[in-house]
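Enquirer: Take this structure first; my questions come after.
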Amino acid sequence: MEAFLTQYIDAYYLRIFVLIGINIILALGLNLITGVTGQLSMGHAGFMSIGAYTAAILTMQYQAPFWAALLAGALLAAFFGFLIGIPTLRLEGDYLAMVTIGFAEIIRVFFLNFEPGGKAVGLYGMPPNTTFVLVWGIVIVVILLNAKLLDSRTGRALYAIRENEIAAEASGIDTTRMKVLAFTVGSFLGGLAGGLYAHYMSYIAPQDFGFMKSIEILNMVVLGGMGSIPGSILGAVILTIAPEMLRIVADYRLLFYGGLLVILMIFRPNGLLGDVRIYDIKKRWFKKEVG
């Protein structure tokens with residue numbers, strides 16, 4: 001299948017499509033934490049790096065099967081997400097953001113000095129097991145599972161926590177369990193995307209997962225619309241394609257991002273698709289079918 005695609009699609013565009021898929025997985029993971037549950041996390045790249053390094057080390061140094069390494073990286077990232085989720089339950093807003101930034105920096109510095117991970121030089125030579133078909137197959141599964149989750153009682157509970165945590169708790173929602181669940185699942189998706197990224201680029205280094213990477217993922221969620229699955233997808237698509245289009249003015253790329261977000265906050269404070277949710281689309285479609 002991959003050979004067939006390369007015959008009809010330029011390798012450059014195929015690469016962009018693969019990176020869009022990986023970024024959609026990242027954005028959907030952070031959307032669960034920040035967009036749906038309202039827990040401001042600014043260290044999502046830390047979970048991505050855990051998944052990337054774990055999967056890369058297992059396949060390169062222990063000859064582990066790719067699927068096993070990918071799953072191990074995602075589960076380890078989920079474990080750290082669970083650990084981070086517990087002590088941050090009493091924190092919110094700026095304080096939670098500072099803790100997640102600190103966590104991501106600790107992970108980055110750890111890999112800077114981690115011998116099996118190549119230290120500052122990083123790791124290279126990972127088998128290119130990540131393919132277009134694999135990435136987009138996982139993207140479809142992740143989208144469907146996200147939609148199923150957010151259309152369930154658990155999903156509505158997560159939205160309720162974002163809107164008013166005290167009222168949600170008074171209504172009988174176990175806010176502690178729900179917030180830890182959001183952190184764990186979101187971190188799992190971050191680690192999964194990291195493993196796919198490592199085996200697509202065949203080279204990773206600590207600087208690939210710095211603070212600006214976390215901000216980039218957060219921008220995807222904010223741009224598309226907090227709590228919206230279609231919004232996170234759209235935000236990932238735009239902010240993956242935009243850097244490629246702005247290569248001729250690379251020095252002003254961050255200026256463009258900042259201006260875009262300012263304009264967005266003025267005219268669309270909820271994001272491009274912030275008011276669009278999967279179960280709203282289903283209801284409209286059902287009414288149309290019935291009508």
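Residues are referred to by chain and number: the chain letter is A, B, ... according to the order shown in the structure tokens, the number counts from 1 in that chain, and ligands are numbered separately from 1 in the order shown.
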Residues near Leu260 (chain A), anyone? I mean within 12 Å using only C-alpha atoms, not counting same-chain ones fewer than 2 positions away, as a ChimeraX atom specification.
Expert: /A:219-220,222-224,235,238-239,242,253-258,262-269,271-272
Enquirer: Those same residues - N, CA and C atoms - I'd like them written as an mmCIF file, in the first residue's frame.
Expert:
```
data_model
loop_
_atom_site.group_PDB
_atom_site.id
_atom_site.type_symbol
_atom_site.label_atom_id
_atom_site.label_comp_id
_atom_site.auth_asym_id
_atom_site.auth_seq_id
_atom_site.Cartn_x
_atom_site.Cartn_y
_atom_site.Cartn_z
ATOM 1 N N ASN A 219 -1.595 25.165 21.018
ATOM 2 C CA ASN A 219 -2.164 26.067 20.015
ATOM 3 C C ASN A 219 -3.129 25.343 19.083
ATOM 4 N N MET A 220 -2.844 24.075 18.784
ATOM 5 C CA MET A 220 -3.738 23.298 17.924
ATOM 6 C C MET A 220 -5.109 23.164 18.570
ATOM 7 N N VAL A 222 -6.390 25.129 21.049
ATOM 8 C CA VAL A 222 -7.012 26.441 21.221
ATOM 9 C C VAL A 222 -7.536 26.972 19.887
ATOM 10 N N LEU A 223 -6.740 26.831 18.833
ATOM 11 C CA LEU A 223 -7.139 27.326 17.521
ATOM 12 C C LEU A 223 -8.396 26.624 17.018
ATOM 13 N N GLY A 224 -8.423 25.296 17.131
ATOM 14 C CA GLY A 224 -9.568 24.542 16.632
ATOM 15 C C GLY A 224 -10.803 24.726 17.481
ATOM 16 N N GLY A 235 -7.355 22.230 13.919
ATOM 17 C CA GLY A 235 -6.191 22.948 14.442
ATOM 18 C C GLY A 235 -4.890 22.239 14.118
ATOM 19 N N ILE A 238 -4.136 22.768 10.320
ATOM 20 C CA ILE A 238 -3.679 24.132 10.005
ATOM 21 C C ILE A 238 -2.257 24.359 10.489
ATOM 22 N N LEU A 239 -1.976 23.976 11.743
ATOM 23 C CA LEU A 239 -0.657 24.276 12.321
ATOM 24 C C LEU A 239 0.417 23.272 11.905
ATOM 25 N N ALA A 242 0.831 25.151 8.075
ATOM 26 C CA ALA A 242 1.286 26.548 8.124
ATOM 27 C C ALA A 242 2.807 26.704 8.132
ATOM 28 N N ARG A 253 7.758 33.215 11.812
ATOM 29 C CA ARG A 253 6.734 32.193 11.993
ATOM 30 C C ARG A 253 5.976 32.371 13.311
ATOM 31 N N LEU A 254 6.707 32.615 14.391
ATOM 32 C CA LEU A 254 6.063 32.791 15.701
ATOM 33 C C LEU A 254 5.217 34.054 15.729
ATOM 34 N N LEU A 255 5.638 35.077 14.996
ATOM 35 C CA LEU A 255 4.850 36.302 14.896
ATOM 36 C C LEU A 255 3.496 36.007 14.243
ATOM 37 N N PHE A 256 3.535 35.145 13.226
ATOM 38 C CA PHE A 256 2.297 34.750 12.551
ATOM 39 C C PHE A 256 1.381 34.008 13.514
ATOM 40 N N TYR A 257 1.939 33.051 14.271
ATOM 41 C CA TYR A 257 1.134 32.291 15.232
ATOM 42 C C TYR A 257 0.477 33.224 16.246
ATOM 43 N N GLY A 258 1.274 34.139 16.789
ATOM 44 C CA GLY A 258 0.753 35.067 17.794
ATOM 45 C C GLY A 258 -0.358 35.930 17.229
ATOM 46 N N VAL A 262 -4.357 36.081 18.361
ATOM 47 C CA VAL A 262 -4.975 37.346 18.787
ATOM 48 C C VAL A 262 -6.256 37.600 17.983
ATOM 49 N N ILE A 263 -6.160 37.438 16.670
ATOM 50 C CA ILE A 263 -7.336 37.627 15.806
ATOM 51 C C ILE A 263 -8.435 36.635 16.175
ATOM 52 N N LEU A 264 -8.030 35.407 16.445
ATOM 53 C CA LEU A 264 -8.986 34.363 16.806
ATOM 54 C C LEU A 264 -9.716 34.709 18.098
ATOM 55 N N MET A 265 -8.970 35.187 19.108
ATOM 56 C CA MET A 265 -9.576 35.510 20.395
ATOM 57 C C MET A 265 -10.554 36.686 20.281
ATOM 58 N N ILE A 266 -10.328 37.544 19.288
ATOM 59 C CA ILE A 266 -11.216 38.694 19.097
ATOM 60 C C ILE A 266 -12.519 38.266 18.405
ATOM 61 N N PHE A 267 -12.377 37.498 17.319
ATOM 62 C CA PHE A 267 -13.546 37.168 16.507
ATOM 63 C C PHE A 267 -14.150 35.802 16.816
ATOM 64 N N ARG A 268 -13.329 34.854 17.286
ATOM 65 C CA ARG A 268 -13.828 33.517 17.619
ATOM 66 C C ARG A 268 -13.199 33.066 18.933
ATOM 67 N N PRO A 269 -13.650 33.635 20.059
ATOM 68 C CA PRO A 269 -13.019 33.307 21.352
ATOM 69 C C PRO A 269 -13.123 31.841 21.745
ATOM 70 N N GLY A 271 -12.655 29.422 19.584
ATOM 71 C CA GLY A 271 -11.937 28.651 18.581
ATOM 72 C C GLY A 271 -12.754 28.520 17.302
ATOM 73 N N LEU A 272 -12.116 28.015 16.254
ATOM 74 C CA LEU A 272 -12.793 27.911 14.964
ATOM 75 C C LEU A 272 -14.021 27.008 15.016
#
```
Enquirer: Please provide as a PyMOL selection string all residues within 6 Å of region 10-27 of chain A, with the sequence filter that same-chain residues fewer than 4 positions apart are discarded (counting only C-alpha atoms).
Expert: chain A and resi 31+132+136+190+193+217+221+232-233+236-237+240
Enquirer: For the selection you just gave me, I'd like the residues written to a file as an mmCIF file, in the first residue's frame, keeping C-alpha atoms.
Expert:
```
data_model
loop_
_atom_site.group_PDB
_atom_site.id
_atom_site.type_symbol
_atom_site.label_atom_id
_atom_site.label_comp_id
_atom_site.auth_asym_id
_atom_site.auth_seq_id
_atom_site.Cartn_x
_atom_site.Cartn_y
_atom_site.Cartn_z
ATOM 1 C CA ASN A 31 -7.914 18.139 24.144
ATOM 2 C CA PHE A 132 0.846 6.516 6.148
ATOM 3 C CA TRP A 136 -4.207 7.169 9.608
ATOM 4 C CA GLY A 190 0.783 11.657 23.661
ATOM 5 C CA ALA A 193 2.118 9.780 18.951
ATOM 6 C CA ILE A 217 0.266 21.297 20.563
ATOM 7 C CA VAL A 221 -6.377 22.727 20.602
ATOM 8 C CA SER A 232 -8.654 19.673 17.383
ATOM 9 C CA ILE A 233 -8.408 17.948 14.000
ATOM 10 C CA ALA A 236 -3.687 20.128 13.888
ATOM 11 C CA VAL A 237 -4.124 20.339 10.118
ATOM 12 C CA THR A 240 1.069 21.393 10.518
#
```
Enquirer: Could you pull out the helix (DSSP H, G or I) residues of region 79-210 of chain A from DSSP and send them as a count of residues only?
Expert: 99
Enquirer: Hey, what does DSSP flag as strand (DSSP E or B) within region 104-255 of chain A? Can you give it to me as a list in words?
Expert: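 Of region 104-255 of chain A, the ones in strand (DSSP E or B) are Leu123, Tyr124, Tyr203 and Ile204 of chain A.
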Enquirer: Which polymer residues have any atom within 10 Å of an atom of Leu71 (chain A), counting only C-alpha atoms, with same-chain residues fewer than 6 positions away left out, as a list in words?
Expert: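 Skipping anything fewer than 6 positions along the chain leaves Gly51, Thr54, Ala55, Ala77, Phe188, Gly191, Leu192 and Gly195 of chain A.
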